[in-house]
>>> print(open('start-v1.tsv').read())   # TSV, C-alpha atoms
chain	number	residue	atom	x	y	z
B	1	MET	CA	117.98	50.85	70.29
B	2	LYS	CA	118.05	52.97	73.42
B	3	ALA	CA	115.46	55.73	73.74
B	4	VAL	CA	114.33	58.26	76.33
B	5	GLU	CA	110.65	57.56	76.95
B	6	ILE	CA	107.97	59.57	78.72
B	7	SER	CA	106.75	57.08	81.31
B	8	ALA	CA	104.09	59.48	82.60
B	9	TYR	CA	103.23	63.11	82.01
B	10	GLY	CA	104.68	65.48	84.58
B	11	ALA	CA	108.04	66.32	86.14
B	12	PRO	CA	111.40	65.80	84.41
B	13	GLN	CA	111.81	62.54	86.29
B	14	ALA	CA	109.00	61.17	84.12
B	15	ARG	CA	111.69	60.38	81.54
B	16	ARG	CA	113.50	57.05	81.50
B	17	LEU	CA	116.02	55.31	79.27
B	18	ALA	CA	114.45	52.20	77.72
B	19	ASP	CA	114.93	49.66	74.95
B	20	ARG	CA	112.83	50.11	71.83
B	21	PRO	CA	112.73	48.20	68.53
B	22	ASP	CA	115.04	49.65	65.90
B	23	PRO	CA	113.12	51.90	63.49
B	24	VAL	CA	112.86	51.04	59.80
B	25	ALA	CA	113.18	53.88	57.31
B	26	ALA	CA	110.13	54.45	55.11
B	27	PRO	CA	110.34	55.59	51.48
B	28	GLY	CA	111.91	59.04	51.35
B	29	GLU	CA	113.62	58.58	54.71
B	30	VAL	CA	117.10	57.85	56.02
B	31	LEU	CA	118.04	55.98	59.18
B	32	ILE	CA	120.53	57.88	61.33
B	33	ARG	CA	122.73	56.52	64.09
B	34	VAL	CA	122.35	59.40	66.51
B	35	ALA	CA	125.42	60.90	68.15
B	36	ALA	CA	123.67	63.89	69.71
B	37	SER	CA	120.12	65.21	70.20
B	38	GLY	CA	119.11	68.82	70.79
B	39	VAL	CA	116.86	69.72	73.72
B	40	ASN	CA	114.08	72.25	73.07
B	41	ARG	CA	111.12	73.79	74.89
B	42	PRO	CA	108.58	71.78	72.89
B	43	ASP	CA	110.13	68.69	74.53
B	44	MET	CA	109.10	70.14	77.91
B	45	LEU	CA	105.57	70.71	76.67
B	46	GLN	CA	105.33	67.15	75.34
B	47	ARG	CA	106.60	65.79	78.65
B	48	THR	CA	103.84	67.62	80.54
B	49	GLY	CA	101.13	66.54	78.10
B	50	ASN	CA	100.70	69.98	76.54
B	51	TYR	CA	102.09	69.32	73.06
B	52	PRO	CA	100.28	66.48	71.26
B	53	VAL	CA	102.41	64.36	68.95
B	54	PRO	CA	101.46	64.95	65.28
B	55	PRO	CA	99.76	62.01	63.54
B	56	GLY	CA	102.31	59.47	62.36
B	57	ALA	CA	105.18	60.88	64.42
B	58	SER	CA	107.10	58.91	67.04
B	59	ASP	CA	105.95	59.22	70.66
B	60	ILE	CA	109.62	59.51	71.64
B	61	PRO	CA	110.45	63.19	72.19
B	62	GLY	CA	113.22	65.06	70.40
B	63	LEU	CA	113.05	67.30	67.33
B	64	GLU	CA	116.67	67.56	66.14
B	65	ILE	CA	119.57	65.16	65.81
B	66	ALA	CA	123.04	64.74	64.37
B	67	GLY	CA	124.84	61.56	63.45
B	68	GLU	CA	125.67	59.16	60.63
B	69	ILE	CA	123.40	57.81	57.91
B	70	VAL	CA	123.33	54.02	58.27
B	71	GLY	CA	120.52	53.15	55.85
B	72	GLY	CA	117.34	54.25	54.18
B	73	ASP	CA	115.91	55.04	50.75
B	74	ALA	CA	118.94	54.83	48.47
B	75	ALA	CA	117.25	56.58	45.54
B	76	ALA	CA	116.05	59.48	47.68
B	77	MET	CA	119.49	59.78	49.24
B	78	ALA	CA	121.20	59.84	45.86
B	79	GLN	CA	118.81	62.50	44.58
B	80	ALA	CA	119.62	64.68	47.60
B	81	GLY	CA	123.36	64.08	47.31
B	82	PHE	CA	123.68	61.88	50.41
B	83	SER	CA	125.00	58.37	50.89
B	84	THR	CA	125.44	55.86	53.68
B	85	GLY	CA	128.19	56.99	56.05
B	86	ASP	CA	127.55	60.72	55.62
B	87	ARG	CA	127.41	62.89	58.73
B	88	VAL	CA	124.16	64.84	58.81
B	89	CYS	CA	121.91	66.81	61.12
B	90	ALA	CA	118.17	66.66	60.72
B	91	LEU	CA	114.88	68.16	61.84
B	92	VAL	CA	112.42	65.44	62.88
B	93	ALA	CA	108.80	65.47	64.09
B	94	GLY	CA	109.70	63.21	67.01
B	95	GLY	CA	111.99	60.33	67.92
B	96	GLY	CA	115.13	62.39	68.38
B	97	TYR	CA	115.85	61.20	71.92
B	98	ALA	CA	117.04	57.81	70.68
B	99	SER	CA	120.21	56.12	69.46
B	100	LEU	CA	118.57	55.50	66.07
B	101	CYS	CA	116.11	57.80	64.33
B	102	ASN	CA	114.41	58.08	60.96
B	103	ALA	CA	114.40	61.44	59.18
B	104	PRO	CA	112.93	62.59	55.87
B	105	VAL	CA	115.79	63.04	53.40
B	106	GLY	CA	114.58	66.55	52.61
B	107	GLN	CA	114.93	67.59	56.25
B	108	CYS	CA	118.58	66.51	56.45
B	109	LEU	CA	121.53	68.83	56.05
B	110	PRO	CA	125.23	67.99	55.98
B	111	VAL	CA	127.10	68.67	59.20
B	112	PRO	CA	128.84	71.99	58.45
B	113	LYS	CA	132.57	71.62	57.97
B	114	GLY	CA	134.47	72.01	61.22
B	115	LEU	CA	131.49	71.38	63.51
B	116	SER	CA	131.14	68.51	65.98
B	117	ASP	CA	128.06	66.31	66.21
B	118	VAL	CA	127.05	68.12	69.41
B	119	GLU	CA	127.26	71.49	67.65
B	120	ALA	CA	125.39	70.15	64.62
B	121	ALA	CA	122.59	68.72	66.77
B	122	SER	CA	121.97	72.20	68.16
B	123	LEU	CA	121.14	73.65	64.74
B	124	PRO	CA	118.01	72.26	63.03
B	125	GLU	CA	115.11	73.21	65.31
B	126	THR	CA	116.21	76.79	65.90
B	127	PHE	CA	117.62	77.47	62.43
B	128	PHE	CA	114.54	76.11	60.64
B	129	THR	CA	112.26	78.07	63.00
B	130	VAL	CA	114.13	81.35	62.77
B	131	TRP	CA	114.53	81.25	59.00
B	132	SER	CA	110.88	80.31	58.43
B	133	ASN	CA	109.54	83.07	60.65
B	134	VAL	CA	112.00	85.95	60.39
B	135	TRP	CA	112.82	85.68	56.68
B	136	ASP	CA	110.03	83.70	55.00
B	137	ARG	CA	107.13	85.18	56.99
B	138	ALA	CA	108.36	88.56	58.25
B	139	LYS	CA	110.62	89.28	55.24
B	140	LEU	CA	113.42	90.86	57.28
B	141	GLN	CA	115.64	92.92	54.96
B	142	PRO	CA	119.26	94.08	55.23
B	143	GLY	CA	119.36	97.40	57.03
B	144	GLU	CA	116.14	96.77	58.96
B	145	THR	CA	116.01	96.33	62.74
B	146	LEU	CA	115.00	93.06	64.40
B	147	LEU	CA	113.91	92.90	68.04
B	148	VAL	CA	114.51	89.43	69.52
B	149	GLN	CA	112.65	88.59	72.71
B	150	GLY	CA	114.75	86.26	74.85
B	151	GLY	CA	118.10	86.77	73.19
B	152	THR	CA	119.98	84.04	75.09
B	153	SER	CA	117.54	81.22	74.35
B	154	GLY	CA	118.38	78.73	71.62
B	155	ILE	CA	116.11	80.68	69.27
B	156	GLY	CA	117.58	83.97	70.45
B	157	VAL	CA	121.26	83.19	69.91
B	158	THR	CA	120.40	81.90	66.44
B	159	ALA	CA	118.30	84.92	65.48
B	160	ILE	CA	120.88	87.43	66.71
B	161	GLN	CA	123.74	85.87	64.78
B	162	MET	CA	121.79	85.12	61.64
B	163	ALA	CA	120.31	88.61	61.38
B	164	ARG	CA	123.66	90.30	61.93
B	165	ALA	CA	125.39	88.06	59.41
B	166	LEU	CA	122.73	88.84	56.82
B	167	GLY	CA	122.97	92.60	57.27
B	168	SER	CA	120.28	93.61	59.74
B	169	ARG	CA	120.49	95.54	63.01
B	170	VAL	CA	119.56	93.58	66.14
B	171	ILE	CA	118.13	94.57	69.51
B	172	ALA	CA	117.69	91.75	72.02
B	173	THR	CA	115.98	91.44	75.39
B	174	ALA	CA	117.24	89.34	78.29
B	175	GLY	CA	116.46	88.82	81.96
B	176	SER	CA	119.77	89.61	83.67
B	177	GLU	CA	122.83	91.79	83.20
B	178	ALA	CA	124.91	88.68	82.48
B	179	LYS	CA	122.52	87.70	79.72
B	180	VAL	CA	122.47	91.26	78.36
B	181	LYS	CA	126.25	91.06	78.10
B	182	ALA	CA	125.98	87.69	76.35
B	183	CYS	CA	123.60	89.14	73.75
B	184	LEU	CA	126.08	91.91	72.97
B	185	GLU	CA	128.91	89.40	72.69
B	186	LEU	CA	126.82	87.39	70.23
B	187	GLY	CA	126.55	90.46	68.00
B	188	ALA	CA	123.42	92.31	69.09
B	189	ASP	CA	123.75	96.05	68.49
B	190	ALA	CA	121.91	96.69	71.76
B	191	ALA	CA	120.39	94.62	74.55
B	192	ILE	CA	117.65	95.46	77.05
B	193	ASN	CA	117.17	93.99	80.52
B	194	TYR	CA	113.42	93.45	80.51
B	195	ARG	CA	113.36	93.09	84.31
B	196	THR	CA	114.68	96.60	84.91
B	197	GLN	CA	113.75	98.44	81.68
B	198	ASP	CA	110.64	98.90	79.56
B	199	PHE	CA	111.67	97.13	76.35
B	200	ALA	CA	109.14	99.05	74.24
B	201	GLU	CA	110.39	102.46	75.39
B	202	GLU	CA	114.02	101.42	75.06
B	203	ALA	CA	113.45	100.03	71.55
B	204	LYS	CA	111.92	103.32	70.46
B	205	LYS	CA	114.84	105.26	71.93
B	206	LEU	CA	117.37	103.00	70.24
B	207	THR	CA	115.68	103.59	66.86
B	208	GLY	CA	115.33	107.35	67.25
B	209	GLY	CA	111.60	107.01	67.76
B	210	ALA	CA	111.04	105.19	64.47
B	211	GLY	CA	110.50	101.74	66.00
B	212	VAL	CA	111.72	98.32	64.97
B	213	ASN	CA	110.81	96.62	61.71
B	214	VAL	CA	110.41	93.02	62.88
B	215	ILE	CA	109.84	91.44	66.30
B	216	LEU	CA	110.43	87.75	67.01
B	217	ASP	CA	108.24	86.97	70.02
B	218	MET	CA	108.17	83.83	72.17
B	219	VAL	CA	106.10	85.40	74.95
B	220	ALA	CA	102.79	86.75	73.53
B	221	GLY	CA	100.24	87.55	76.26
B	222	ALA	CA	100.65	91.07	77.62
B	223	TYR	CA	103.80	91.59	75.54
B	224	VAL	CA	101.80	91.99	72.34
B	225	ALA	CA	100.37	95.41	73.27
B	226	ARG	CA	103.83	96.78	74.04
B	227	GLU	CA	105.28	95.24	70.90
B	228	ILE	CA	102.63	96.94	68.78
B	229	GLU	CA	103.71	100.25	70.32
B	230	CYS	CA	107.35	99.88	69.32
B	231	LEU	CA	106.89	98.63	65.75
B	232	ALA	CA	107.80	100.98	62.92
B	233	GLU	CA	105.44	101.70	60.04
B	234	ASP	CA	104.87	98.51	58.02
B	235	GLY	CA	106.36	96.57	60.95
B	236	ARG	CA	105.87	92.84	61.39
B	237	LEU	CA	105.32	90.91	64.62
B	238	VAL	CA	105.93	87.16	64.50
B	239	ILE	CA	104.71	85.05	67.42
B	240	ILE	CA	106.29	81.59	67.74
B	241	ALA	CA	105.38	80.68	71.33
B	242	VAL	CA	102.96	81.78	74.02
B	243	GLN	CA	104.94	81.52	77.24
B	244	GLY	CA	103.16	84.63	78.54
B	245	GLY	CA	99.65	83.40	77.71
B	246	ILE	CA	97.35	83.06	74.72
B	247	LYS	CA	95.23	86.18	75.27
B	248	SER	CA	96.32	89.69	74.29
B	249	GLU	CA	94.67	93.10	74.25
B	250	PHE	CA	96.24	95.79	72.08
B	251	ASN	CA	95.57	99.05	70.28
B	252	ALA	CA	94.12	98.01	66.94
B	253	GLY	CA	94.23	101.63	65.83
B	254	LEU	CA	98.02	101.46	65.75
B	255	VAL	CA	97.82	98.38	63.56
B	256	LEU	CA	95.68	100.31	61.08
B	257	ARG	CA	97.60	103.58	61.10
B	258	ARG	CA	101.06	102.00	60.89
B	259	ARG	CA	100.01	99.19	58.52
B	260	LEU	CA	101.31	96.53	60.89
B	261	ALA	CA	101.22	92.78	60.33
B	262	ILE	CA	100.78	90.23	63.13
B	263	THR	CA	101.55	86.64	62.22
B	264	GLY	CA	102.81	83.42	63.76
B	265	SER	CA	103.43	79.77	63.07
B	266	THR	CA	104.24	76.35	64.46
B	267	LEU	CA	106.75	74.16	62.64
B	268	ARG	CA	106.30	70.61	63.92
B	269	PRO	CA	103.01	69.73	62.16
B	270	ARG	CA	103.98	71.24	58.79
B	271	PRO	CA	104.45	68.81	55.87
B	272	VAL	CA	107.82	67.45	54.79
B	273	ALA	CA	107.76	69.49	51.57
B	274	PHE	CA	107.46	72.72	53.56
B	275	LYS	CA	110.39	71.83	55.84
B	276	ALA	CA	112.46	70.58	52.91
B	277	ALA	CA	112.09	73.99	51.25
B	278	ILE	CA	113.47	75.63	54.39
B	279	ALA	CA	116.37	73.17	54.42
B	280	ARG	CA	117.28	74.13	50.85
B	281	GLN	CA	117.33	77.83	51.76
B	282	LEU	CA	119.43	77.19	54.84
B	283	ARG	CA	121.94	75.12	52.88
B	284	GLU	CA	122.28	77.87	50.28
B	285	LYS	CA	122.25	80.98	52.44
B	286	VAL	CA	123.17	80.06	56.01
B	287	TRP	CA	125.37	76.94	55.95
B	288	PRO	CA	128.24	78.89	54.30
B	289	LEU	CA	128.05	81.34	57.22
B	290	LEU	CA	128.41	78.47	59.69
B	291	GLU	CA	131.38	77.05	57.77
B	292	SER	CA	133.09	80.45	57.64
B	293	GLY	CA	132.57	81.04	61.36
B	294	ALA	CA	130.34	84.09	60.83
B	295	ILE	CA	127.68	82.18	62.78
B	296	LYS	CA	128.70	79.85	65.61
B	297	PRO	CA	126.70	77.27	67.57
B	298	VAL	CA	126.35	78.22	71.22
B	299	ILE	CA	126.36	75.16	73.48
B	300	HIS	CA	125.62	75.75	77.16
B	301	SER	CA	125.68	72.15	78.43
B	302	THR	CA	125.72	68.53	77.31
B	303	PHE	CA	124.22	65.58	79.18
B	304	GLY	CA	124.40	61.87	78.56
B	305	ALA	CA	121.09	60.51	77.31
B	306	ALA	CA	120.48	58.76	80.63
B	307	ASP	CA	120.53	62.20	82.27
B	308	ALA	CA	117.80	63.72	80.09
B	309	ALA	CA	115.83	64.64	83.23
B	310	GLN	CA	118.71	66.86	84.39
B	311	ALA	CA	118.78	68.53	80.99
B	312	HIS	CA	115.09	69.38	81.37
B	313	VAL	CA	115.60	70.74	84.88
B	314	LEU	CA	118.29	73.06	83.54
B	315	MET	CA	116.14	74.26	80.65
B	316	GLU	CA	113.20	74.97	82.93
B	317	SER	CA	115.47	76.97	85.26
B	318	ASN	CA	116.09	79.48	82.44
B	319	GLN	CA	119.71	79.77	83.55
B	320	HIS	CA	121.23	78.57	80.28
B	321	ILE	CA	122.64	80.65	77.44
B	322	GLY	CA	122.36	78.83	74.14
B	323	LYS	CA	121.57	75.17	73.57
B	324	ILE	CA	121.41	72.05	75.72
B	325	VAL	CA	122.34	68.78	73.99
B	326	LEU	CA	122.08	65.06	74.83
B	327	THR	CA	124.87	62.70	73.75
B	328	TRP	CA	124.67	59.00	72.83
B	329	ASN	CA	128.23	57.78	73.42
>>> encode(input="start-v1.tsv", output="structure tokens")
Amino acid sequence: MKAVEISAYGAPQARRLADRPDPVAAPGEVLIRVAASGVNRPDMLQRTGNYPVPPGASDIPGLEIAGEIVGGDAAAMAQAGFSTGDRVCALVAGGGYASLCNAPVGQCLPVPKGLSDVEAASLPETFFTVWSNVWDRAKLQPGETLLVQGGTSGIGVTAIQMARALGSRVIATAGSEAKVKACLELGADAAINYRTQDFAEEAKKLTGGAGVNVILDMVAGAYVAREIECLAEDGRLVIIAVQGGIKSEFNAGLVLRRRLAITGSTLRPRPVAFKAAIARQLREKVWPLLESGAIKPVIHSTFGAADAAQAHVLMESNQHIGKIVLTWN
């Protein structure tokens, strides 16, 4: 098979297209002929040596794929309702930047009706992450307000659409007026330009002083103190990345008085059973929204697999809105 390897840690050019032995599916796995692979920020971290590969996972980067099942554990497939030839998308712990990839059956989902392989490949990493953190951990409820930091990222466009479709109000932040407009077009009730406005003050104004119920944060660092200030009573802050740094100083008195909860998680090292449970919830509650068009994949750019370095340059520029996808034509 063809695969995008990391020849050395460092710049995007450290990636190269190489030949690798075809993988063999283990018990409980399927082998997928990959049509498209999603590009995500953890891929950047792995490329620079800052995201160790979990034990047992492939050293090839890539956490989400879409394509056709071409083999694997027949009994596990049958139990999950899949068979050879089915089009699926899957969350994987590594190996996604390749023309063939193994995936646990429980982490596979059917390609939603009407979606292309490119669109399907853009779904697993962000949809699993958003559902696990915003609904499983933070327990966002219909009628509550969600603040999404970075509304035009892959995570952001997913969170905005999913929360709106499931009955919550959404405020998003973005770094330019064009991105603010994009957030509103995606369904956010309001959007804040964090370069020209204080997001905490604006969030309080937009909620009549009450504050937001849930915050999905990919920044951490100095943002945490301001997020604590704009959470409503019994509010929940979920940290899923630390792009702004790992250290935060905040008013713990507000946490006590408002009964706030601060939590966070990483998805990649979690066991298959945990991810399979998320997949079941997505299939039941979110996949129908994709098939009805209530939620739509947002694809910014596609690159051939040989141009993976260019895809990483684009992602690191922060100029994209939505997802970047590699294709294996």
>>> closest_residue(input="start-v1.tsv", among="B:Val224, B:Ala35, B:Ala165, B:Ile171", to="Ile65 in chain B", atoms="all atoms listed in the file")
B:Ala35
>>> residues_around(input="start-v1.tsv", residues="Ser248 in chain B", least_positions_apart="3", cutoff="12 Å", atoms="all atoms listed in the file", output="mmCIF file with C-alpha atoms, in the frame of the given file")
data_model
loop_
_atom_site.group_PDB
_atom_site.id
_atom_site.type_symbol
_atom_site.label_atom_id
_atom_site.label_comp_id
_atom_site.auth_asym_id
_atom_site.auth_seq_id
_atom_site.Cartn_x
_atom_site.Cartn_y
_atom_site.Cartn_z
ATOM 1 C CA VAL B 219 106.100 85.400 74.950
ATOM 2 C CA ALA B 220 102.790 86.750 73.530
ATOM 3 C CA GLY B 221 100.240 87.550 76.260
ATOM 4 C CA ALA B 222 100.650 91.070 77.620
ATOM 5 C CA TYR B 223 103.800 91.590 75.540
ATOM 6 C CA VAL B 224 101.800 91.990 72.340
ATOM 7 C CA ALA B 225 100.370 95.410 73.270
ATOM 8 C CA ARG B 226 103.830 96.780 74.040
ATOM 9 C CA GLU B 227 105.280 95.240 70.900
ATOM 10 C CA ILE B 228 102.630 96.940 68.780
ATOM 11 C CA ILE B 239 104.710 85.050 67.420
ATOM 12 C CA VAL B 242 102.960 81.780 74.020
ATOM 13 C CA GLY B 244 103.160 84.630 78.540
ATOM 14 C CA GLY B 245 99.650 83.400 77.710
ATOM 15 C CA ASN B 251 95.570 99.050 70.280
ATOM 16 C CA ALA B 252 94.120 98.010 66.940
#
>>> residues_around(input="start-v1.tsv", residues="range 118-131 of chain B", least_positions_apart="2", cutoff="8 Å", atoms="all atoms listed in the file", output="VMD selection string")
chain B and resid 35 to 40 63 to 66 88 to 91 111 to 112 115 to 116 133 to 136 154 to 155 158 to 159 267 275 278 to 279 282 297 to 299 323 to 327
>>> closest_residue(input="start-v1.tsv", among="B:Pro27, B:Gly81, B:Gly94, B:Gly49", to="Pro269 in chain B", atoms="only C-alpha atoms")
B:Gly94
>>> residues_around(input="start-v1.tsv", residues="Ile240 in chain B", least_positions_apart="3", cutoff="7 Å", atoms="all atoms listed in the file", output="list in words")
Asp217, Met218, Gly264, Ser265 and Thr266 of chain B
>>> atom_distance(input="start-v1.tsv", atom1="CA of Gly253 in chain B", atom2="CA of Glu229 in chain B")
10.6 Å
>>> build_atoms(input="start-v1.tsv", residues="range 168-178 of chain B", atoms="all heavy atoms", output="PDB file, in the coordinates of the input")
ATOM      1  N   SER B 168     121.286  92.864  59.000  1.00  0.00           N
ATOM      2  CA  SER B 168     120.280  93.610  59.740  1.00  0.00           C
ATOM      3  C   SER B 168     120.818  94.066  61.090  1.00  0.00           C
ATOM      4  O   SER B 168     121.792  93.522  61.609  1.00  0.00           O
ATOM      5  CB  SER B 168     119.021  92.762  59.953  1.00  0.00           C
ATOM      6  OG  SER B 168     118.428  92.429  58.716  1.00  0.00           O
ATOM      7  N   ARG B 169     120.172  95.071  61.668  1.00  0.00           N
ATOM      8  CA  ARG B 169     120.490  95.540  63.010  1.00  0.00           C
ATOM      9  C   ARG B 169     119.672  94.722  64.005  1.00  0.00           C
ATOM     10  O   ARG B 169     118.536  94.357  63.709  1.00  0.00           O
ATOM     11  CB  ARG B 169     120.161  97.020  63.140  1.00  0.00           C
ATOM     12  CG  ARG B 169     120.607  97.651  64.445  1.00  0.00           C
ATOM     13  CD  ARG B 169     120.215  99.122  64.506  1.00  0.00           C
ATOM     14  NE  ARG B 169     120.730  99.752  65.719  1.00  0.00           N
ATOM     15  CZ  ARG B 169     120.076 100.690  66.395  1.00  0.00           C
ATOM     16  NH1 ARG B 169     118.882 101.094  66.001  1.00  0.00           N
ATOM     17  NH2 ARG B 169     120.625 101.224  67.483  1.00  0.00           N
ATOM     18  N   VAL B 170     120.240  94.443  65.177  1.00  0.00           N
ATOM     19  CA  VAL B 170     119.560  93.580  66.140  1.00  0.00           C
ATOM     20  C   VAL B 170     119.518  94.215  67.515  1.00  0.00           C
ATOM     21  O   VAL B 170     120.540  94.683  68.033  1.00  0.00           O
ATOM     22  CB  VAL B 170     120.249  92.195  66.248  1.00  0.00           C
ATOM     23  CG1 VAL B 170     119.462  91.296  67.201  1.00  0.00           C
ATOM     24  CG2 VAL B 170     120.376  91.539  64.892  1.00  0.00           C
ATOM     25  N   ILE B 171     118.322  94.225  68.106  1.00  0.00           N
ATOM     26  CA  ILE B 171     118.130  94.570  69.510  1.00  0.00           C
ATOM     27  C   ILE B 171     117.583  93.318  70.179  1.00  0.00           C
ATOM     28  O   ILE B 171     116.671  92.672  69.657  1.00  0.00           O
ATOM     29  CB  ILE B 171     117.131  95.733  69.679  1.00  0.00           C
ATOM     30  CG1 ILE B 171     117.609  96.978  68.930  1.00  0.00           C
ATOM     31  CG2 ILE B 171     116.908  96.031  71.164  1.00  0.00           C
ATOM     32  CD1 ILE B 171     116.576  98.086  68.879  1.00  0.00           C
ATOM     33  N   ALA B 172     118.135  92.953  71.325  1.00  0.00           N
ATOM     34  CA  ALA B 172     117.690  91.750  72.020  1.00  0.00           C
ATOM     35  C   ALA B 172     117.268  92.095  73.440  1.00  0.00           C
ATOM     36  O   ALA B 172     117.767  93.054  74.036  1.00  0.00           O
ATOM     37  CB  ALA B 172     118.801  90.699  72.052  1.00  0.00           C
ATOM     38  N   THR B 173     116.337  91.300  73.982  1.00  0.00           N
ATOM     39  CA  THR B 173     115.980  91.440  75.390  1.00  0.00           C
ATOM     40  C   THR B 173     116.496  90.229  76.149  1.00  0.00           C
ATOM     41  O   THR B 173     116.639  89.139  75.595  1.00  0.00           O
ATOM     42  CB  THR B 173     114.457  91.544  75.586  1.00  0.00           C
ATOM     43  OG1 THR B 173     113.831  90.305  75.230  1.00  0.00           O
ATOM     44  CG2 THR B 173     113.867  92.668  74.755  1.00  0.00           C
ATOM     45  N   ALA B 174     116.763  90.428  77.440  1.00  0.00           N
ATOM     46  CA  ALA B 174     117.240  89.340  78.290  1.00  0.00           C
ATOM     47  C   ALA B 174     116.890  89.677  79.740  1.00  0.00           C
ATOM     48  O   ALA B 174     116.589  90.830  80.070  1.00  0.00           O
ATOM     49  CB  ALA B 174     118.744  89.150  78.131  1.00  0.00           C
ATOM     50  N   GLY B 175     116.954  88.656  80.608  1.00  0.00           N
ATOM     51  CA  GLY B 175     116.460  88.820  81.960  1.00  0.00           C
ATOM     52  C   GLY B 175     117.488  89.060  83.040  1.00  0.00           C
ATOM     53  O   GLY B 175     117.153  89.050  84.221  1.00  0.00           O
ATOM     54  N   SER B 176     118.739  89.302  82.677  1.00  0.00           N
ATOM     55  CA  SER B 176     119.770  89.610  83.670  1.00  0.00           C
ATOM     56  C   SER B 176     120.886  90.378  82.977  1.00  0.00           C
ATOM     57  O   SER B 176     121.006  90.351  81.737  1.00  0.00           O
ATOM     58  CB  SER B 176     120.332  88.331  84.292  1.00  0.00           C
ATOM     59  OG  SER B 176     121.126  87.611  83.358  1.00  0.00           O
ATOM     60  N   GLU B 177     121.721  91.042  83.779  1.00  0.00           N
ATOM     61  CA  GLU B 177     122.830  91.790  83.200  1.00  0.00           C
ATOM     62  C   GLU B 177     123.840  90.854  82.540  1.00  0.00           C
ATOM     63  O   GLU B 177     124.439  91.193  81.514  1.00  0.00           O
ATOM     64  CB  GLU B 177     123.505  92.651  84.261  1.00  0.00           C
ATOM     65  CG  GLU B 177     122.646  93.824  84.719  1.00  0.00           C
ATOM     66  CD  GLU B 177     122.163  94.683  83.555  1.00  0.00           C
ATOM     67  OE1 GLU B 177     122.995  95.064  82.716  1.00  0.00           O
ATOM     68  OE2 GLU B 177     120.956  94.984  83.497  1.00  0.00           O
ATOM     69  N   ALA B 178     124.005  89.656  83.102  1.00  0.00           N
ATOM     70  CA  ALA B 178     124.910  88.680  82.480  1.00  0.00           C
ATOM     71  C   ALA B 178     124.395  88.271  81.112  1.00  0.00           C
ATOM     72  O   ALA B 178     125.169  88.126  80.155  1.00  0.00           O
ATOM     73  CB  ALA B 178     125.063  87.465  83.388  1.00  0.00           C
TER      74      ALA B 178
END
